[in-house]
Structures are given as C-alpha cells and as structure tokens.
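Student: What follows is structure38.txt; its format and atoms are compact mmCIF, C-alpha atoms.
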```txt
# COMPACT_ATOMS: atom_id res chain seq x y z
CA MET A 129 17.57 33.28 -53.36
CA ALA A 130 20.09 33.24 -56.20
CA LEU A 131 22.42 35.45 -54.17
CA LEU A 132 22.00 33.19 -51.14
CA LEU A 133 22.86 30.09 -53.17
CA GLN A 134 25.82 31.90 -54.66
CA GLY A 135 27.02 32.73 -51.15
CA CYS A 136 26.71 29.10 -50.08
CA SER A 137 28.62 27.96 -53.15
CA THR A 138 31.37 30.46 -52.38
CA VAL A 139 31.74 29.18 -48.82
CA LYS A 140 32.04 25.58 -50.02
CA LEU A 141 34.54 26.49 -52.73
CA ALA A 142 36.67 28.56 -50.36
CA TYR A 143 36.64 25.85 -47.69
CA ASN A 144 37.53 23.03 -50.04
CA GLN A 145 40.39 25.05 -51.54
CA ALA A 146 41.69 26.38 -48.21
CA PRO A 147 44.64 23.94 -47.83
CA GLN A 148 45.92 24.76 -51.30
CA LEU A 149 45.58 28.50 -50.73
CA MET A 150 47.29 28.32 -47.33
CA ALA A 151 50.12 26.19 -48.72
CA TRP A 152 50.63 28.71 -51.51
CA GLN A 153 50.74 31.59 -49.02
CA ILE A 154 53.20 29.79 -46.73
CA ASN A 155 55.43 28.98 -49.68
CA ARG A 156 55.24 32.57 -50.88
CA TYR A 157 56.51 33.83 -47.54
CA LEU A 158 59.10 31.14 -46.86
CA GLY A 159 60.26 29.78 -50.22
CA LEU A 160 59.83 26.14 -49.21
CA SER A 161 61.84 23.31 -50.69
CA ASP A 162 59.93 20.68 -52.67
CA ALA A 163 60.04 18.28 -49.73
CA GLN A 164 58.90 20.95 -47.27
CA ASN A 165 56.13 22.04 -49.60
CA GLU A 166 54.84 18.49 -49.98
CA ARG A 167 54.87 17.95 -46.21
CA VAL A 168 53.09 21.26 -45.60
CA ARG A 169 50.37 20.33 -48.08
CA ASP A 170 49.90 16.94 -46.41
CA GLU A 171 49.74 18.53 -42.96
CA LEU A 172 47.20 21.10 -44.11
CA ASP A 173 45.08 18.39 -45.71
CA ASP A 174 45.14 16.46 -42.43
CA LEU A 175 44.24 19.60 -40.48
CA GLN A 176 41.32 20.32 -42.77
CA GLN A 177 40.01 16.77 -42.45
CA TRP A 178 40.14 17.06 -38.66
CA HIS A 179 38.40 20.43 -38.88
CA ARG A 180 35.75 18.99 -41.17
CA ASP A 181 35.06 16.07 -38.82
CA THR A 182 35.39 17.88 -35.49
CA MET A 183 34.87 21.61 -35.81
CA LEU A 184 32.31 22.11 -38.56
CA PRO A 185 29.56 20.45 -36.50
CA GLN A 186 30.47 22.78 -33.63
CA HIS A 187 30.36 25.78 -35.96
CA ALA A 188 26.92 24.63 -37.09
CA GLN A 189 25.76 24.51 -33.46
CA VAL A 190 26.87 28.11 -32.97
CA LEU A 191 24.94 29.09 -36.09
CA GLN A 192 21.85 27.38 -34.69
CA LYS A 193 22.20 29.59 -31.62
CA VAL A 194 22.73 32.64 -33.83
CA GLN A 195 19.54 31.84 -35.72
CA ARG A 196 17.54 31.84 -32.48
CA GLN A 197 19.10 35.16 -31.49
CA LEU A 198 18.53 36.75 -34.88
CA ALA A 199 14.85 35.85 -34.77
CA ASP A 200 14.44 38.17 -31.78
CA GLY A 201 16.24 41.03 -30.10
CA ILE A 202 19.84 40.53 -29.00
CA THR A 203 21.87 42.17 -26.26
CA ALA A 204 25.52 43.11 -26.37
CA GLN A 205 26.12 40.48 -23.68
CA GLN A 206 24.56 37.79 -25.87
CA ALA A 207 26.65 38.90 -28.84
CA CYS A 208 29.83 38.73 -26.76
CA SER A 209 28.83 35.32 -25.40
CA THR A 210 28.58 34.01 -28.95
CA TYR A 211 31.89 35.65 -29.78
CA ALA A 212 33.46 33.87 -26.79
CA GLU A 213 32.21 30.52 -28.12
CA ILE A 214 33.77 31.28 -31.48
CA ARG A 215 37.07 32.20 -29.81
CA THR A 216 37.02 28.91 -27.89
CA GLN A 217 36.55 27.01 -31.13
CA PHE A 218 39.39 29.00 -32.69
CA ASP A 219 41.63 27.98 -29.78
CA GLN A 220 40.82 24.33 -30.50
CA VAL A 221 42.00 24.78 -34.08
CA VAL A 222 45.21 26.44 -32.90
CA SER A 223 45.92 23.55 -30.51
CA GLN A 224 45.38 21.03 -33.29
CA ALA A 225 47.68 22.97 -35.62
CA GLU A 226 50.45 23.34 -33.04
CA PRO A 227 52.31 20.05 -33.76
CA LYS A 228 52.31 20.83 -37.46
CA MET A 229 53.80 24.25 -36.76
CA LEU A 230 56.44 22.62 -34.55
CA TRP A 231 57.63 20.52 -37.45
CA LEU A 232 57.79 23.42 -39.90
CA ALA A 233 59.53 25.73 -37.43
CA SER A 234 62.27 23.16 -36.86
CA GLN A 235 62.89 22.75 -40.60
CA LEU A 236 63.34 26.35 -41.71
CA THR A 237 66.75 27.53 -42.83
CA ASP A 238 68.30 30.90 -41.99
CA SER A 239 67.69 31.96 -45.58
CA GLN A 240 63.99 31.13 -45.33
CA ILE A 241 63.67 33.06 -42.08
CA ARG A 242 65.32 36.08 -43.72
CA GLN A 243 62.89 35.78 -46.63
CA LEU A 244 60.04 35.77 -44.13
CA GLU A 245 61.39 39.00 -42.65
CA ARG A 246 61.54 40.62 -46.08
CA LYS A 247 58.03 39.53 -46.98
CA GLN A 248 56.68 40.79 -43.68
CA ALA A 249 58.34 44.16 -44.19
CA ASP A 250 56.83 44.43 -47.66
CA SER A 251 53.31 43.73 -46.42
CA ASN A 252 53.22 46.06 -43.41
CA ALA A 253 50.23 48.39 -43.40
CA ASP A 254 50.44 52.03 -42.43
CA TRP A 255 48.19 52.12 -39.36
CA ARG A 256 49.23 52.60 -35.82
CA LYS A 257 48.05 50.44 -32.93
CA ALA A 258 47.27 47.42 -35.04
CA TYR A 259 50.42 48.13 -37.04
CA ASN A 260 52.59 48.15 -33.92
CA GLU A 261 51.07 44.88 -32.77
CA ARG A 262 51.67 43.43 -36.22
CA LEU A 263 55.33 44.45 -35.97
CA ARG A 264 55.59 42.90 -32.50
CA ARG A 265 54.13 39.63 -33.74
CA GLN A 266 56.38 39.59 -36.78
CA LYS A 267 59.52 40.24 -34.75
CA ASP A 268 58.39 37.68 -32.18
CA LEU A 269 57.92 35.02 -34.88
CA VAL A 270 61.32 35.64 -36.44
CA GLN A 271 63.05 35.51 -33.04
CA VAL A 272 61.31 32.24 -32.17
CA LEU A 273 62.28 30.66 -35.48
CA GLN A 274 65.88 31.85 -35.14
CA THR A 275 66.08 30.31 -31.66
CA VAL A 276 64.65 27.04 -32.97
CA ALA A 277 67.13 27.06 -35.86
CA ARG A 278 70.08 27.33 -33.47
CA ASP A 279 69.10 24.10 -31.70
CA ARG A 280 66.91 22.08 -34.05
CA GLN A 281 67.24 18.84 -32.10
CA ASN A 282 65.86 20.33 -28.89
CA THR A 283 62.24 19.35 -29.45
CA ALA A 284 61.20 20.23 -25.90
CA GLN A 285 62.49 23.77 -26.33
CA THR A 286 60.84 24.06 -29.74
CA LYS A 287 57.52 22.94 -28.32
CA THR A 288 57.75 25.49 -25.51
CA LEU A 289 58.81 28.31 -27.83
CA VAL A 290 56.02 27.68 -30.33
CA ARG A 291 53.38 27.24 -27.64
CA GLU A 292 54.43 30.47 -25.93
CA TYR A 293 54.48 32.28 -29.27
CA LEU A 294 50.92 31.12 -30.02
CA ALA A 295 49.83 32.31 -26.58
CA ARG A 296 51.35 35.75 -27.23
CA PHE A 297 49.79 35.81 -30.69
CA ASN A 298 46.39 34.99 -29.24
CA GLN A 299 46.71 37.51 -26.40
CA SER A 300 49.19 40.32 -26.84
CA PRO A 301 51.61 40.97 -23.97
CA ASP A 302 51.13 44.68 -24.68
CA PRO A 303 48.49 45.99 -22.21
CA ALA A 304 47.69 48.97 -24.43
CA TYR A 305 46.93 46.76 -27.41
CA ARG A 306 44.92 44.31 -25.29
CA SER A 307 42.81 47.21 -24.09
CA TYR A 308 42.43 48.49 -27.65
CA ALA A 309 41.45 45.05 -28.94
CA GLN A 310 38.95 44.50 -26.14
CA THR A 311 37.43 47.91 -26.84
CA LEU A 312 36.96 46.90 -30.48
CA VAL A 313 35.25 43.67 -29.40
CA THR A 314 32.99 45.42 -26.89
CA GLU A 315 32.03 48.16 -29.33
CA GLY A 316 31.52 45.60 -32.06
CA CYS A 317 29.18 43.53 -29.89
CA GLY A 318 27.21 46.59 -28.89
CA GLY A 319 27.08 47.88 -32.44
CA PHE A 320 25.91 44.54 -33.80
CA ALA A 321 23.18 44.29 -31.18
CA GLN A 322 22.05 47.85 -31.86
CA VAL A 323 21.92 47.37 -35.62
CA HIS A 324 20.13 44.03 -35.34
CA ASN A 325 17.57 45.33 -32.88
CA ALA A 326 16.68 48.06 -35.36
CA THR A 327 15.86 45.59 -38.14
CA THR A 328 12.34 44.81 -39.27
CA PRO A 329 10.70 41.39 -38.75
CA ALA A 330 11.18 40.66 -42.45
CA GLN A 331 14.87 41.49 -42.23
CA ARG A 332 15.24 39.19 -39.23
CA VAL A 333 13.60 36.34 -41.11
CA LYS A 334 16.09 36.89 -43.92
CA ALA A 335 19.01 36.95 -41.46
CA VAL A 336 17.86 33.67 -39.91
CA ALA A 337 17.61 32.11 -43.36
CA SER A 338 21.13 33.27 -44.17
CA ALA A 339 22.55 31.81 -40.94
CA LYS A 340 20.63 28.59 -41.62
CA SER A 341 22.20 28.32 -45.06
CA TYR A 342 25.69 28.59 -43.59
CA GLU A 343 24.81 25.99 -40.96
CA GLN A 344 23.73 23.65 -43.75
CA ASP A 345 26.96 24.41 -45.62
CA PHE A 346 29.01 23.40 -42.59
CA MET A 347 27.05 20.18 -42.14
CA THR A 348 27.36 19.35 -45.85
CA LEU A 349 31.11 19.95 -45.75
CA ALA A 350 31.43 17.91 -42.55
CA ALA A 351 29.79 14.96 -44.28
CA GLN A 352 32.13 14.97 -47.28
```
Go through the file and emit its structure as structure tokens.
Tutor:
Amino acid sequence: MALLLQGCSTVKLAYNQAPQLMAWQINRYLGLSDAQNERVRDELDDLQQWHRDTMLPQHAQVLQKVQRQLADGITAQQACSTYAEIRTQFDQVVSQAEPKMLWLASQLTDSQIRQLERKQADSNADWRKAYNERLRRQKDLVQVLQTVARDRQNTAQTKTLVREYLARFNQSPDPAYRSYAQTLVTEGCGGFAQVHNATTPAQRVKAVASAKSYEQDFMTLAAQ
C-alpha cells in the first residue's frame, strides 16, 4: 500500500510540475528570450488547465475500462482497442496545442533554429529504424521552422506547415517505419494480453487496484 501511495504521489507531482519541466526543456533546446520564455510558460499553463478540465476525466474513463478488463482475461484486440482510445485522446491534446506551436514557430530566430539543430544532433541515439525516423522528424522540424522564418507574416502558410508537420510526426510518411511501428503496437498488444492472462486472481485484483488509484489521481487533479 505504501508503494501504491508513493506511485500516486509521484503522478500528481509530475503532472503538476509538467509545464515547468516542459518549458525548461524547450528553453534548453531553443535558447528562448525572456519574453519568449514567459509566453511559453503561460501557454503551457493554459494547456495544462485545459487538459486538467477536459482530458483527465476522459483518461479516468479509459482507466475504468482498463479495470474491468484487468479483472478478467483480455484479448489482443481489446488491448489494441484501448490503445486506439488513448491515441484518440492524444490527438485531441495535439490539436489543442497546435495554436500555441504556431505562435512559437513564427517567433524563432535563425540562431535559435540552428541551436535546435545542434541540440538534436547531440541527443541522437545509436539505433536504426527508430533512429532514422528520429532524424527524419528532426530534419522535417528544422525545415518547417526555416520556411516559417522566411515569411513570418504569412499566418495561413504557418498554420498549414505546422499542421502538416504534426500529421507527419503522428504518422510517418515512411512506409517501412509505419510498418515497423505498427508491428511494435501489434506485438505489444498481444504480449500484454498474454502476460495478463497468465496472472493469478490475486495479481489481477492488485492490477485493478493500481488502475483504480491512477483513475482517482486523474479525477483529483481534474478537480484542482
């Protein structure tokens, strides 16, 4: 029980500090000016408040469904169905964040974009398919920001560029990587179902209790 409570406390702490941590990471990669940094922090605070009010109750509903599944056997199809719900909720967050990204993209200087390139190069991992997709996304982002920087007043173009970038980020244009990613999802769903179905009744009760605690965390955070 102590470990469970500790886990709940960690979730709440991480969630409440998320805007500050994200702002720090963005600043680390881009070297924001004071004015940019203040605006980014405000935008992230607004995004978190929207997420708290709108998405946390939806996350809690998914966890209620997970609890029912964990109490019994689960198929790979059920696991993937739950995953699809989570992806849909993620897409909602991306859509809400899009206008905030539009503003930041239009404000970056050439120097900041070059710093982003350097930071990305420093952080690249040494693994292949995921690594190649990471490189594609990084290059894609820099090219989008450079295009925006050349015509900052063209808000319609900026909106289109950022929206298309987010679509490519969410679903890679590389068929080989899409196949690889889908294989990981399919195998993950099957593996999760197989592992769960091998658990004892006592272990399932514990898993349900754990999911319930996270549901309660989300509802508590949503009410703050």
Student: A:Val290, A:Ala309, A:Ile154, A:Val272: which is nearest A:Leu244, counting only C-alpha atoms?
Tutor: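 The closest residue to A:Leu244 is A:Ile154.
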Student: Restricting the calculation to all atoms listed in the file, which member of A:Gln205, A:Gln281, A:Gln243, A:Ser300 is positioned closest to A:Arg264?
Tutor: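 Between A:Gln205, A:Gln281, A:Gln243, A:Ser300, the residue approaching A:Arg264 most closely is A:Ser300.
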Student: Which residues are close to stretch 157-171 of chain A, i.e. within 12 Å by all atoms listed in the file, leaving aside same-chain residues fewer than 2 positions away? Reply as number ranges by chain.
Tutor: A: 145-155, 173-178, 224-251, 270, 273
Student: At what distance in Å, to one decimal, does atom CA of A:Tyr305 lie from atom CA of A:Lys257?
Tutor: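 We find that atom CA of A:Lys257 and atom CA of A:Tyr305 lie 6.7 Å from each other.
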Student: Between atom CA of A:Ser209 and atom CA of A:Asn260, what is the spacing in Å?
Tutor: 28.3 Å
